[in-house]
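Undergrad: Structure incoming, see below.
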Amino acid sequence: MKIADVLVQNQVGLHARPATFFIQEANKYRSAIWIEKEERRVNAKSLLGILSLGIVGGTAIRIIADGTDEEDAVAALIALVDSGFSDPPAAPAQS
């Protein structure tokens, strides 16, 4: 099990759009992944669960992953949070 604490630094926190980016990233991994805020833990692959935490900018959260790719999953999710949930890179244009 891999556990990491991170501070949500973007102003709006984890509202619908950043939460969607978070879920898309979490779903790339086979590990079970959770987010904790204070005493509450929710499935990091669930939009309703994430939104129910009411995570705003400046909130500390804990990312927990358990599975074969837990290290990679936590590292990628921390990078996403640290980026301020910027849009994922666009796919290269096909010629």
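Chain identifiers are assigned as A, B, and so on, following the order in which chains appear in the structure tokens; residues are numbered from 1 within each chain, and ligands are numbered from 1 in order of appearance.
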What lies within 8 Å of stretch 2-18 of chain A using only C-alpha atoms, ignoring chain neighbours under 3 positions off, as a ChimeraX atom specification?
TA: /A:21-22,47,50-51,54-66,70-71,74,78,81-82,84-86
Undergrad: With C-alpha atoms retained, export the selected residues as a PDB file, in the first residue's frame.
TA:
ATOM      1  CA  PHE A  21      -9.211  14.746 -14.726  1.00  0.00           C
ATOM      2  CA  PHE A  22      -8.321  13.042 -11.427  1.00  0.00           C
ATOM      3  CA  LEU A  47     -17.002  11.361  -9.311  1.00  0.00           C
ATOM      4  CA  ILE A  50     -14.801  12.910  -4.807  1.00  0.00           C
ATOM      5  CA  LEU A  51     -17.333  15.725  -5.083  1.00  0.00           C
ATOM      6  CA  GLY A  54     -16.004  19.224  -0.884  1.00  0.00           C
ATOM      7  CA  ILE A  55     -12.291  19.706  -1.518  1.00  0.00           C
ATOM      8  CA  VAL A  56     -11.434  23.375  -1.983  1.00  0.00           C
ATOM      9  CA  GLY A  57      -8.133  25.092  -2.709  1.00  0.00           C
ATOM     10  CA  GLY A  58      -5.711  24.832   0.205  1.00  0.00           C
ATOM     11  CA  THR A  59      -7.120  21.496   1.411  1.00  0.00           C
ATOM     12  CA  ALA A  60      -4.751  18.695   2.382  1.00  0.00           C
ATOM     13  CA  ILE A  61      -5.759  15.294   1.028  1.00  0.00           C
ATOM     14  CA  ARG A  62      -4.289  11.826   1.300  1.00  0.00           C
ATOM     15  CA  ILE A  63      -3.994   9.593  -1.754  1.00  0.00           C
ATOM     16  CA  ILE A  64      -3.940   5.885  -1.018  1.00  0.00           C
ATOM     17  CA  ALA A  65      -3.324   3.146  -3.570  1.00  0.00           C
ATOM     18  CA  ASP A  66      -3.150  -0.599  -3.123  1.00  0.00           C
ATOM     19  CA  GLU A  70       0.332   1.591  -6.653  1.00  0.00           C
ATOM     20  CA  GLU A  71       3.639   3.482  -6.797  1.00  0.00           C
ATOM     21  CA  VAL A  74       0.218   7.729  -6.541  1.00  0.00           C
ATOM     22  CA  ILE A  78       0.382  13.753  -7.063  1.00  0.00           C
ATOM     23  CA  VAL A  81      -2.645  17.733  -8.178  1.00  0.00           C
ATOM     24  CA  ASP A  82       0.652  19.662  -8.195  1.00  0.00           C
ATOM     25  CA  GLY A  84      -3.220  22.514 -10.576  1.00  0.00           C
ATOM     26  CA  PHE A  85      -5.278  20.043 -12.618  1.00  0.00           C
ATOM     27  CA  SER A  86      -4.205  21.575 -15.886  1.00  0.00           C
TER      28      SER A  86
END
Undergrad: If you run DSSP on the backbone, which residues of chain A are strand (DSSP E or B), as number ranges by chain?
TA: A: 2-7, 32-37, 40-43, 60-66
Undergrad: What is the atom CA of A:Ala19 to atom CA of A:Gly49 distance in Å?
TA: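 Between these atoms lies a distance of 9.9 Å.
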Undergrad: Apply DSSP to the backbone of this structure and, from chain A, keep only the residues in alpha helix (DSSP H); write these as an NGL selection string.
TA: :A and (16-26 or 47-52 or 70-82)
Undergrad: Nearest to A:Ala76: which of A:Met1, A:Thr20, A:Ala26, A:Ala32 is it, counting only C-alpha atoms?
TA: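 Among the listed residues, A:Ala26 lies closest to A:Ala76.
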Undergrad: To one decimal place, how far is atom CA of A:Lys37 from atom CA of A:Ser52 in Å?
TA: 10.4 Å
